[in-house]
>>> print(open('target-v5.cif').read())   # mmCIF, C-alpha atoms
data_final
loop_
_atom_site.label_atom_id
_atom_site.label_comp_id
_atom_site.auth_asym_id
_atom_site.auth_seq_id
_atom_site.Cartn_x
_atom_site.Cartn_y
_atom_site.Cartn_z
CA MET A 1 27.76 12.38 -11.56
CA THR A 2 26.21 9.19 -10.19
CA LEU A 3 29.62 7.52 -10.02
CA LEU A 4 30.99 10.50 -8.07
CA ILE A 5 28.13 10.28 -5.58
CA ILE A 6 28.71 6.54 -5.14
CA LEU A 7 32.41 7.16 -4.48
CA VAL A 8 31.53 9.82 -1.90
CA ILE A 9 29.12 7.43 -0.14
CA ILE A 10 31.77 4.69 -0.09
CA PHE A 11 34.33 7.16 1.28
CA LEU A 12 31.91 8.19 4.05
CA PHE A 13 31.43 4.51 4.90
CA LEU A 14 35.19 3.94 5.11
CA ILE A 15 35.70 6.86 7.48
CA GLY A 16 33.00 5.59 9.83
CA ALA A 17 29.68 7.16 8.81
CA PRO A 18 26.68 5.39 10.44
CA LEU A 19 25.59 2.38 8.41
CA PHE A 20 21.94 3.43 8.18
CA THR A 21 22.94 6.69 6.45
CA ILE A 22 24.95 4.75 3.86
CA ILE A 23 22.10 2.34 3.15
CA ALA A 24 19.56 5.15 2.94
CA SER A 25 21.84 7.12 0.61
CA PHE A 26 22.05 4.25 -1.87
CA ALA A 27 18.26 3.80 -1.75
CA ILE A 28 17.63 7.50 -2.40
CA LEU A 29 20.22 7.56 -5.20
CA GLY A 30 18.69 4.51 -6.87
CA PHE A 31 15.12 5.79 -6.85
CA THR A 32 16.21 9.28 -7.90
CA ASN A 33 17.98 7.88 -10.97
CA LEU A 34 14.80 5.98 -11.85
CA GLU A 35 12.78 9.19 -11.37
CA ILE A 36 10.55 7.40 -8.85
CA ASP A 37 8.96 9.42 -6.06
CA LEU A 38 10.93 8.94 -2.84
CA ALA A 39 7.61 8.46 -1.05
CA VAL A 40 8.00 4.78 -1.97
CA ILE A 41 10.58 4.54 0.85
CA ILE A 42 8.08 5.96 3.33
CA VAL A 43 5.53 3.40 2.16
CA GLU A 44 8.00 0.65 3.04
CA LEU A 45 8.57 2.19 6.46
CA TYR A 46 4.83 2.27 7.07
CA ARG A 47 4.55 -1.38 6.07
CA LEU A 48 7.31 -2.20 8.52
CA ALA A 49 5.83 -0.18 11.36
CA SER A 50 2.45 -1.87 10.90
CA GLN A 51 3.87 -5.28 11.85
CA PRO A 52 2.85 -6.08 15.46
CA VAL A 53 5.77 -8.48 15.89
CA LEU A 54 8.16 -5.52 15.71
CA LEU A 55 7.21 -4.71 19.31
CA ALA A 56 8.86 -7.93 20.45
CA ILE A 57 12.34 -6.57 19.71
CA PRO A 58 12.48 -3.73 22.31
CA LEU A 59 10.63 -5.81 24.90
CA PHE A 60 12.90 -8.85 24.66
CA THR A 61 15.94 -6.56 24.55
CA LEU A 62 14.92 -4.87 27.79
CA SER A 63 14.32 -8.27 29.40
CA GLY A 64 17.81 -9.40 28.42
CA TYR A 65 19.42 -6.25 29.80
CA LEU A 66 17.52 -6.58 33.09
CA LEU A 67 18.71 -10.16 33.49
CA ALA A 68 22.31 -9.36 32.55
CA GLU A 69 22.53 -6.46 35.02
CA SER A 70 21.03 -8.47 37.90
CA LYS A 71 22.59 -11.39 39.76
CA ALA A 72 20.75 -13.85 37.50
CA PRO A 73 23.98 -14.89 35.68
CA LYS A 74 25.58 -15.94 38.97
CA ARG A 75 22.48 -17.88 40.01
CA LEU A 76 22.38 -19.62 36.62
CA VAL A 77 26.07 -20.52 36.90
CA ASN A 78 25.48 -22.01 40.36
CA LEU A 79 22.46 -23.98 39.13
CA THR A 80 24.10 -25.47 36.05
CA GLN A 81 27.28 -26.13 38.03
CA ALA A 82 25.28 -28.07 40.62
CA ILE A 83 23.72 -30.15 37.83
CA ILE A 84 26.68 -30.91 35.55
CA GLY A 85 29.76 -29.75 37.48
CA TRP A 86 30.70 -33.39 38.15
CA LEU A 87 31.48 -33.98 34.47
CA PRO A 88 35.05 -33.61 33.17
CA GLY A 89 35.06 -30.06 31.82
CA GLY A 90 31.73 -29.49 33.57
CA LEU A 91 32.44 -25.87 34.44
CA ALA A 92 33.24 -25.12 30.79
CA ILE A 93 29.86 -26.58 29.80
CA VAL A 94 28.27 -24.39 32.49
CA VAL A 95 29.82 -21.38 30.76
CA LEU A 96 28.48 -22.51 27.37
CA ILE A 97 24.93 -22.87 28.69
CA THR A 98 24.98 -19.66 30.73
CA CYS A 99 26.26 -17.54 27.84
CA ALA A 100 23.83 -19.17 25.40
CA VAL A 101 20.87 -18.29 27.62
CA PHE A 102 21.88 -14.65 27.97
CA THR A 103 22.78 -14.19 24.31
CA ALA A 104 19.36 -15.59 23.41
CA PHE A 105 17.72 -12.86 25.48
CA THR A 106 20.00 -9.93 24.66
CA GLY A 107 20.59 -10.82 21.00
CA GLY A 108 24.12 -9.43 21.13
CA SER A 109 27.25 -11.47 21.68
CA GLY A 110 29.22 -8.41 22.74
CA ILE A 111 26.82 -7.79 25.61
CA THR A 112 27.32 -11.34 26.87
CA ILE A 113 31.11 -11.16 26.72
CA VAL A 114 31.28 -7.79 28.47
CA ALA A 115 28.59 -8.52 31.08
CA LEU A 116 29.51 -12.12 31.96
CA GLY A 117 33.21 -12.20 31.12
CA GLY A 118 34.19 -10.61 34.41
CA LEU A 119 32.22 -13.25 36.32
CA LEU A 120 33.19 -16.34 34.31
CA HIS A 121 36.87 -15.71 33.51
CA PRO A 122 38.18 -15.74 37.12
CA ILE A 123 36.02 -18.78 37.98
CA LEU A 124 37.50 -20.79 35.10
CA ILE A 125 41.06 -19.73 35.95
CA SER A 126 40.56 -20.61 39.63
CA GLU A 127 39.44 -24.10 38.56
CA LYS A 128 42.77 -24.54 36.71
CA TYR A 129 41.56 -24.12 33.15
CA LYS A 130 44.29 -22.78 30.88
CA GLU A 131 44.14 -19.08 29.98
CA LYS A 132 44.09 -19.88 26.27
CA PHE A 133 41.13 -22.25 26.60
CA THR A 134 39.29 -19.84 28.91
CA LEU A 135 39.60 -16.92 26.49
CA GLY A 136 38.53 -19.05 23.54
CA LEU A 137 35.57 -20.49 25.44
CA ILE A 138 34.14 -17.15 26.60
CA THR A 139 34.73 -15.47 23.24
CA THR A 140 32.98 -18.31 21.42
CA SER A 141 30.16 -18.64 23.93
CA GLY A 142 29.26 -14.99 23.45
CA SER A 143 27.38 -15.70 20.21
CA LEU A 144 26.18 -19.21 21.01
CA GLY A 145 22.56 -18.48 21.85
CA LEU A 146 21.44 -16.81 18.62
CA LEU A 147 19.46 -19.87 17.50
CA PHE A 148 17.39 -20.11 20.69
CA PRO A 149 14.17 -18.21 21.39
CA PRO A 150 13.62 -15.37 22.00
CA SER A 151 16.67 -14.50 19.87
CA LEU A 152 16.35 -11.02 18.35
CA PRO A 153 18.20 -12.06 15.14
CA LEU A 154 15.64 -14.86 14.65
CA ILE A 155 12.80 -12.37 15.07
CA LEU A 156 14.45 -9.90 12.69
CA TYR A 157 15.09 -12.61 10.09
CA GLY A 158 11.42 -13.56 10.30
CA ILE A 159 10.33 -9.96 9.76
CA VAL A 160 12.65 -9.35 6.81
CA SER A 161 12.06 -12.73 5.13
CA GLU A 162 8.33 -12.86 5.97
CA VAL A 163 8.85 -16.32 7.48
CA SER A 164 6.87 -17.37 10.56
CA ILE A 165 8.81 -16.46 13.70
CA ASP A 166 7.17 -19.34 15.57
CA LYS A 167 8.63 -21.73 12.98
CA LEU A 168 12.06 -20.17 13.26
CA PHE A 169 11.99 -20.50 17.06
CA ILE A 170 11.25 -24.21 16.71
CA ALA A 171 13.70 -24.78 13.85
CA GLY A 172 16.59 -23.28 15.79
CA LEU A 173 16.35 -25.64 18.77
CA LEU A 174 18.07 -28.79 17.46
CA PRO A 175 20.83 -26.92 15.55
CA GLY A 176 21.40 -24.76 18.63
CA PHE A 177 21.73 -27.84 20.83
CA LEU A 178 24.08 -29.40 18.27
CA LEU A 179 26.44 -26.43 18.57
CA ILE A 180 26.40 -26.66 22.37
CA LEU A 181 26.90 -30.44 22.23
CA ALA A 182 29.88 -30.14 19.86
CA LEU A 183 31.55 -27.53 22.04
CA SER A 184 30.70 -29.53 25.18
CA ILE A 185 32.48 -32.58 23.75
CA TYR A 186 35.54 -30.44 23.08
CA SER A 187 35.30 -29.02 26.63
CA ILE A 188 35.06 -32.52 28.14
CA ARG A 189 38.16 -33.51 26.20
CA GLU A 190 39.96 -30.44 27.56
CA GLY A 191 38.88 -31.32 31.10
CA ILE A 192 40.21 -34.88 30.75
CA VAL A 193 43.50 -33.93 29.08
CA GLU A 194 44.28 -31.12 31.53
CA LYS A 195 42.95 -33.11 34.51
CA VAL A 196 40.77 -30.24 35.65
CA ASP A 197 39.17 -30.79 39.05
CA LYS A 198 35.56 -31.95 39.00
CA ILE A 199 32.91 -30.72 41.40
CA PRO A 200 31.33 -33.65 43.27
CA PHE A 201 27.57 -33.88 42.83
CA SER A 202 25.61 -32.88 45.92
CA PHE A 203 21.85 -32.93 46.37
CA LYS A 204 22.28 -30.23 48.98
CA ASN A 205 24.05 -27.90 46.52
CA LEU A 206 21.47 -28.66 43.85
CA ASN A 207 18.61 -27.97 46.23
CA ASN A 208 20.16 -24.67 47.32
CA ALA A 209 20.81 -23.64 43.69
CA ILE A 210 17.22 -24.42 42.73
CA LYS A 211 15.90 -22.43 45.69
CA ASP A 212 18.09 -19.45 44.77
CA SER A 213 16.93 -19.40 41.12
CA ILE A 214 13.39 -20.71 41.61
CA TRP A 215 11.84 -17.55 40.13
CA GLU A 216 14.06 -17.55 37.01
CA ILE A 217 13.86 -21.24 36.11
CA PRO A 218 10.28 -21.00 34.74
CA LEU A 219 11.10 -18.13 32.36
CA PRO A 220 12.32 -20.09 29.30
CA ILE A 221 9.63 -22.71 29.93
CA ILE A 222 6.92 -20.04 29.89
CA ILE A 223 8.22 -18.50 26.65
CA ILE A 224 8.83 -21.71 24.71
CA SER A 225 5.75 -23.64 25.80
CA GLY A 226 3.51 -20.59 25.50
CA ILE A 227 4.53 -19.84 21.91
CA TYR A 228 4.62 -23.46 20.74
CA ASN A 229 1.25 -24.31 22.27
CA GLY A 230 -0.35 -21.23 20.77
CA TRP A 231 -1.19 -19.64 24.11
CA PHE A 232 0.32 -16.34 22.99
CA THR A 233 2.18 -14.76 20.07
CA PRO A 234 5.89 -13.79 20.16
CA THR A 235 4.87 -10.18 20.85
CA GLU A 236 2.64 -11.22 23.75
CA ALA A 237 5.45 -13.47 24.99
CA ALA A 238 7.79 -10.47 24.95
CA SER A 239 5.33 -8.42 27.01
CA ILE A 240 4.90 -11.22 29.54
CA THR A 241 8.66 -11.73 29.75
CA VAL A 242 9.59 -8.12 30.43
CA VAL A 243 6.91 -7.74 33.12
CA TYR A 244 7.90 -11.04 34.74
CA VAL A 245 11.62 -10.23 34.72
CA PHE A 246 10.99 -6.72 36.02
CA ILE A 247 8.93 -7.98 38.99
CA VAL A 248 11.35 -10.80 39.80
CA GLU A 249 14.59 -8.80 39.64
CA VAL A 250 13.30 -5.58 41.22
CA PHE A 251 10.75 -6.69 43.82
CA ILE A 252 11.50 -10.35 44.61
CA TYR A 253 15.30 -10.68 44.37
CA LYS A 254 15.82 -6.91 44.74
CA ASP A 255 18.96 -7.06 42.59
CA LEU A 256 17.99 -3.88 40.77
CA LYS A 257 16.92 -0.56 42.25
CA LEU A 258 13.84 1.00 40.76
CA THR A 259 15.05 4.61 40.88
CA THR A 260 18.70 4.18 39.85
CA ASP A 261 19.32 0.91 37.97
CA ILE A 262 16.13 0.67 35.91
CA PRO A 263 16.40 4.08 34.14
CA LYS A 264 20.05 3.36 33.22
CA ILE A 265 19.21 -0.11 31.89
CA MET A 266 16.28 1.23 29.88
CA VAL A 267 18.49 3.84 28.23
CA GLU A 268 21.12 1.22 27.32
CA SER A 269 18.53 -1.13 25.81
CA VAL A 270 16.85 1.67 23.87
CA VAL A 271 20.18 2.65 22.31
CA LEU A 272 20.57 -0.87 20.89
CA VAL A 273 16.95 -1.04 19.74
CA GLY A 274 17.20 2.41 18.17
CA ALA A 275 20.26 1.34 16.19
CA ILE A 276 18.44 -1.77 14.95
CA PHE A 277 15.37 0.20 13.90
CA MET A 278 17.39 2.88 12.12
CA ILE A 279 19.21 0.26 10.06
CA LEU A 280 15.99 -1.66 9.43
CA ALA A 281 14.11 1.44 8.32
CA SER A 282 16.79 2.56 5.87
CA ALA A 283 17.35 -0.96 4.56
CA MET A 284 13.66 -1.42 3.71
CA GLY A 285 13.96 1.35 1.13
CA LEU A 286 17.08 -0.20 -0.42
CA THR A 287 15.39 -3.61 -0.48
CA SER A 288 12.43 -2.09 -2.31
CA TYR A 289 14.84 -0.70 -4.91
CA PHE A 290 16.52 -4.10 -5.35
CA ILE A 291 13.17 -5.79 -5.87
CA ASP A 292 12.01 -3.10 -8.31
CA GLN A 293 15.18 -3.63 -10.35
CA GLU A 294 14.80 -7.44 -10.14
CA VAL A 295 18.27 -7.73 -8.59
CA PRO A 296 17.61 -11.16 -6.99
CA GLN A 297 16.48 -12.61 -10.34
CA LYS A 298 19.49 -11.17 -12.15
CA LEU A 299 21.76 -12.46 -9.40
CA PHE A 300 20.31 -15.94 -9.82
CA GLU A 301 20.81 -15.80 -13.58
CA VAL A 302 24.50 -15.04 -13.10
CA ILE A 303 24.96 -17.64 -10.35
CA SER A 304 23.03 -20.38 -12.18
CA GLN A 305 25.38 -20.10 -15.16
CA LEU A 306 28.34 -20.78 -12.89
CA ILE A 307 26.76 -23.07 -10.28
CA THR A 308 24.32 -25.80 -11.27
CA SER A 309 24.58 -27.92 -8.13
CA LYS A 310 22.60 -27.16 -4.96
CA ILE A 311 25.47 -28.59 -2.88
CA LEU A 312 28.02 -26.28 -4.51
CA PHE A 313 25.66 -23.33 -4.07
CA LEU A 314 25.48 -24.06 -0.33
CA VAL A 315 29.28 -24.21 -0.14
CA ILE A 316 29.57 -20.79 -1.84
CA LEU A 317 26.74 -19.45 0.33
CA ASN A 318 28.48 -20.53 3.54
CA ILE A 319 31.76 -18.91 2.50
CA PHE A 320 29.94 -15.71 1.54
CA LEU A 321 27.97 -15.59 4.81
CA LEU A 322 31.08 -16.22 6.92
CA ILE A 323 32.67 -13.18 5.26
CA VAL A 324 29.49 -11.16 5.82
CA GLY A 325 29.41 -12.21 9.48
CA MET A 326 33.01 -11.19 9.86
CA MET A 327 32.53 -7.76 8.26
CA MET A 328 29.05 -6.70 9.48
CA ASP A 329 27.08 -6.83 12.69
CA ILE A 330 24.35 -9.46 12.63
CA PHE A 331 21.41 -7.04 12.47
CA SER A 332 22.81 -5.16 9.49
CA ALA A 333 23.67 -8.41 7.73
CA ILE A 334 20.15 -9.76 8.11
CA ILE A 335 18.52 -6.60 6.82
CA VAL A 336 20.83 -6.03 3.88
CA VAL A 337 21.65 -9.56 2.70
CA VAL A 338 18.53 -11.67 3.42
CA PRO A 339 16.27 -10.01 0.80
CA LEU A 340 18.90 -10.77 -1.85
CA ILE A 341 19.63 -14.40 -1.05
CA ILE A 342 16.16 -15.72 -0.18
CA PRO A 343 14.77 -15.57 -3.76
CA VAL A 344 17.97 -17.15 -5.10
CA ALA A 345 17.98 -19.89 -2.44
CA LYS A 346 14.33 -20.72 -3.16
CA LEU A 347 15.17 -21.34 -6.81
CA TYR A 348 17.74 -23.88 -5.63
CA GLY A 349 15.05 -25.56 -3.55
CA ILE A 350 16.27 -24.42 -0.13
CA ASP A 351 13.56 -23.99 2.50
CA PRO A 352 13.48 -20.37 3.84
CA VAL A 353 13.33 -21.65 7.43
CA HIS A 354 16.36 -23.89 6.90
CA LEU A 355 18.10 -20.97 5.17
CA GLY A 356 17.49 -18.82 8.24
CA ILE A 357 19.23 -21.34 10.49
CA ILE A 358 22.15 -21.63 8.05
CA PHE A 359 22.32 -17.84 7.86
CA LEU A 360 22.46 -17.26 11.62
CA THR A 361 24.87 -20.14 12.25
CA ASN A 362 27.28 -18.64 9.72
CA LEU A 363 26.99 -15.24 11.33
CA GLU A 364 27.65 -16.76 14.77
CA ILE A 365 30.91 -18.18 13.43
CA GLY A 366 31.64 -15.01 11.46
CA TYR A 367 31.74 -13.10 14.76
CA LEU A 368 34.80 -15.20 15.65
CA THR A 369 36.51 -15.29 12.25
CA PRO A 370 39.86 -13.47 12.00
CA PRO A 371 41.05 -10.96 11.12
CA VAL A 372 38.07 -8.69 11.88
CA GLY A 373 35.45 -10.82 13.66
CA LEU A 374 33.61 -8.56 16.12
CA ASN A 375 33.95 -10.92 19.12
CA LEU A 376 37.73 -10.93 18.74
CA PHE A 377 37.88 -7.18 19.32
CA ILE A 378 35.34 -7.22 22.15
CA SER A 379 37.26 -9.96 23.98
CA SER A 380 40.55 -8.20 23.34
CA PHE A 381 39.12 -5.07 24.95
CA ARG A 382 37.39 -6.90 27.80
CA PHE A 383 40.33 -9.10 28.85
CA LYS A 384 43.15 -6.74 27.79
CA LYS A 385 44.73 -9.31 25.47
CA SER A 386 46.05 -8.85 21.94
CA ILE A 387 43.92 -9.77 18.94
CA ALA A 388 46.55 -12.37 18.04
CA ASN A 389 46.18 -14.09 21.42
CA ILE A 390 42.39 -14.14 21.17
CA THR A 391 42.53 -15.43 17.59
CA ILE A 392 44.80 -18.34 18.54
CA ALA A 393 42.52 -19.14 21.47
CA VAL A 394 39.34 -19.37 19.35
CA LEU A 395 40.74 -21.41 16.43
CA PRO A 396 39.89 -24.86 17.90
CA PHE A 397 36.39 -23.60 18.68
CA ILE A 398 35.94 -22.26 15.14
CA ILE A 399 36.92 -25.65 13.69
CA THR A 400 34.39 -27.38 15.98
CA LEU A 401 31.66 -24.95 14.93
CA LEU A 402 32.50 -25.29 11.22
CA ILE A 403 32.04 -29.07 11.44
CA SER A 404 28.64 -28.47 13.07
CA LEU A 405 27.80 -25.94 10.35
CA LEU A 406 28.34 -28.60 7.68
CA VAL A 407 25.86 -30.87 9.46
CA ILE A 408 23.31 -28.06 9.81
CA THR A 409 23.73 -27.08 6.16
CA TYR A 410 23.56 -30.52 4.54
CA VAL A 411 21.08 -32.18 6.91
CA PRO A 412 18.06 -29.88 6.56
CA GLN A 413 15.90 -32.22 8.66
CA LEU A 414 17.89 -31.14 11.69
CA SER A 415 16.17 -27.75 11.31
CA LEU A 416 12.86 -28.99 9.93
CA PHE A 417 12.27 -32.21 11.90
CA LEU A 418 10.51 -30.61 14.87
CA LEU A 419 8.31 -28.55 12.54
CA ASP A 420 7.15 -31.74 10.84
CA TYR A 421 6.90 -33.67 14.11
CA ILE A 422 4.59 -31.23 15.87
CA GLY A 423 2.82 -30.28 12.66
CA VAL A 424 3.42 -26.53 12.62
CA GLN A 425 1.37 -24.84 9.93
CA ASN A 426 2.64 -22.17 7.56
#
>>> encode(input="target-v5.cif", output="structure tokens")
Amino acid sequence: MTLLIILVIIFLFLIGAPLFTIIASFAILGFTNLEIDLAVIIVELYRLASQPVLLAIPLFTLSGYLLAESKAPKRLVNLTQAIIGWLPGGLAIVVLITCAVFTAFTGGSGITIVALGGLLHPILISEKYKEKFTLGLITTSGSLGLLFPPSLPLILYGIVSEVSIDKLFIAGLLPGFLLILALSIYSIREGIVEKVDKIPFSFKNLNNAIKDSIWEIPLPIIIISGIYNGWFTPTEAASITVVYVFIVEVFIYKDLKLTTDIPKIMVESVVLVGAIFMILASAMGLTSYFIDQEVPQKLFEVISQLITSKILFLVILNIFLLIVGMMMDIFSAIIVVVPLIIPVAKLYGIDPVHLGIIFLTNLEIGYLTPPVGLNLFISSFRFKKSIANITIAVLPFIITLLISLLVITYVPQLSLFLLDYIGVQN
């Protein structure tokens, strides 16, 4: 009977049933077979709801949507172009930075590709970048900001793993910059080889760009310095951010109309947040079942018999996470997979903070990995190109990111150095 139910659940998953219903079904089935009161799932939901940091997710999401729907992306492009447009491949680096900033705020690569693709694609083409490079760059850049605060995946990983979110925000900085640096080097090479026109540096252009974006420039500084200096918590930072962005975009720049744009944006952001919370709520029950059945310990026992080396374990872990990132959206992957791998990774001596950075970096790359990486389909839809064309376009970028992933994985101090340097406490 149990096997039949499992097969039915799997069938429902294959025909497109919502993921949270599948996860919840397995949790209910597991506890029912153990004859444990299903109230244990509600207890887990209560424990989740009692975490104040959970409020940061909808607030940061709304902030990201407000920024994406305003003219902030164009102002940021103009600013970064005025600063680094003189470099070979400077405009490509502008795209990397712009997309990273907006992905950090929205937490979803698809949002960045859809919202900014229409702005960035024609600019790159007009500056004589090849179509193939342009498609690969925008598709890759869509998931580039997941390691930077106030990244929703970082917050969610912290909640699920019970690791300090402040520490994760700090730990993600150097690895995040490494990814941008690696892709920037590749972009500079492209600019040199293809002899793309450079934009001469002008103090006048820089001054105008700064004036245009003067109200948005302080935003990341306020968030990062405020959290790191202990002036406010991530939840308080989220509250400050959404109020600041709302005032700036509605009343100062007047990019958004209070009566028409704001309600629509709020509905869109709530849909994403609702999906995250539904998956999170159902996954907490399944996680409780896994822990009750000592699944992580049993998993380690099996793995330790086959893998004795920490280095080999990290290799297998990276391959596994790339597949997970390719098959699942990042929020589902964090909620379902993290509770299983953290206890195992600890027994191999891997720091949970470092593991979080490895985890999210893999999922960033997994979004691009053929044949079913999510960004491939979103770009195919957005730019009306075949999956094959998009896949060919992103391959050089994937190779560049995989090299960076090896550095992030096997040089843990890249993630932990700033924590040690500024003396962040557990």
>>> resolve_selection(input="target-v5.cif", expression="the PyMOL selection byres ((chain A and resi 188-196) around 6)", output="MDAnalysis selection string")
chainID A and resid 88:89 185:187 197
>>> residues_around(input="target-v5.cif", residues="A:Ile6", least_positions_apart="6", cutoff="10 Å", atoms="only C-alpha atoms", output="list of chain:residue names")
A:Leu12, A:Ile22, A:Ser25, A:Phe26, A:Leu29
>>> write_last_selection(input="target-v5.cif", atoms="C-alpha atoms", output="CSV table (one decimal), keeping the file's coordinate frame")
chain,number,residue,atom,x,y,z
A,12,LEU,CA,31.9,8.2,4.0
A,22,ILE,CA,25.0,4.8,3.9
A,25,SER,CA,21.8,7.1,0.6
A,26,PHE,CA,22.0,4.2,-1.9
A,29,LEU,CA,20.2,7.6,-5.2
>>> resolve_selection(input="target-v5.cif", expression="the PyMOL selection byres ((chain A and resi 95) around 8)", output="ChimeraX atom specification")
/A:77,91-94,96-99,120,137-138,141
>>> write_last_selection(input="target-v5.cif", atoms="C-alpha atoms", output="mmCIF file, keeping the file's coordinate frame")
data_model
loop_
_atom_site.group_PDB
_atom_site.id
_atom_site.type_symbol
_atom_site.label_atom_id
_atom_site.label_comp_id
_atom_site.auth_asym_id
_atom_site.auth_seq_id
_atom_site.Cartn_x
_atom_site.Cartn_y
_atom_site.Cartn_z
ATOM 1 C CA VAL A 77 26.070 -20.520 36.900
ATOM 2 C CA LEU A 91 32.440 -25.870 34.440
ATOM 3 C CA ALA A 92 33.240 -25.120 30.790
ATOM 4 C CA ILE A 93 29.860 -26.580 29.800
ATOM 5 C CA VAL A 94 28.270 -24.390 32.490
ATOM 6 C CA LEU A 96 28.480 -22.510 27.370
ATOM 7 C CA ILE A 97 24.930 -22.870 28.690
ATOM 8 C CA THR A 98 24.980 -19.660 30.730
ATOM 9 C CA CYS A 99 26.260 -17.540 27.840
ATOM 10 C CA LEU A 120 33.190 -16.340 34.310
ATOM 11 C CA LEU A 137 35.570 -20.490 25.440
ATOM 12 C CA ILE A 138 34.140 -17.150 26.600
ATOM 13 C CA SER A 141 30.160 -18.640 23.930
#
>>> resolve_selection(input="target-v5.cif", expression="the PyMOL selection byres ((chain A and resi 272-289) around 10)", output="ChimeraX atom specification")
/A:18-31,34,36,38-49,54,57-59,61-62,106-108,156,160,267-271,290-295,330-332,334-340
>>> residues_around(input="target-v5.cif", residues="A:Leu79", least_positions_apart="3", cutoff="8 Å", atoms="only C-alpha atoms", output="short mmCIF file (atom, residue, chain, number, x, y, z; two decimals) with C-alpha atoms, in the frame of the given file")
data_model
loop_
_atom_site.label_atom_id
_atom_site.label_comp_id
_atom_site.auth_asym_id
_atom_site.auth_seq_id
_atom_site.Cartn_x
_atom_site.Cartn_y
_atom_site.Cartn_z
CA ARG A 75 22.48 -17.88 40.01
CA LEU A 76 22.38 -19.62 36.62
CA ALA A 82 25.28 -28.07 40.62
CA ILE A 83 23.72 -30.15 37.83
CA LEU A 206 21.47 -28.66 43.85
CA ALA A 209 20.81 -23.64 43.69
CA ILE A 210 17.22 -24.42 42.73
CA SER A 213 16.93 -19.40 41.12
#
>>> atom_distance(input="target-v5.cif", atom1="atom CA of A:Ala345", atom2="atom CA of A:Lys310")
9.0 Å
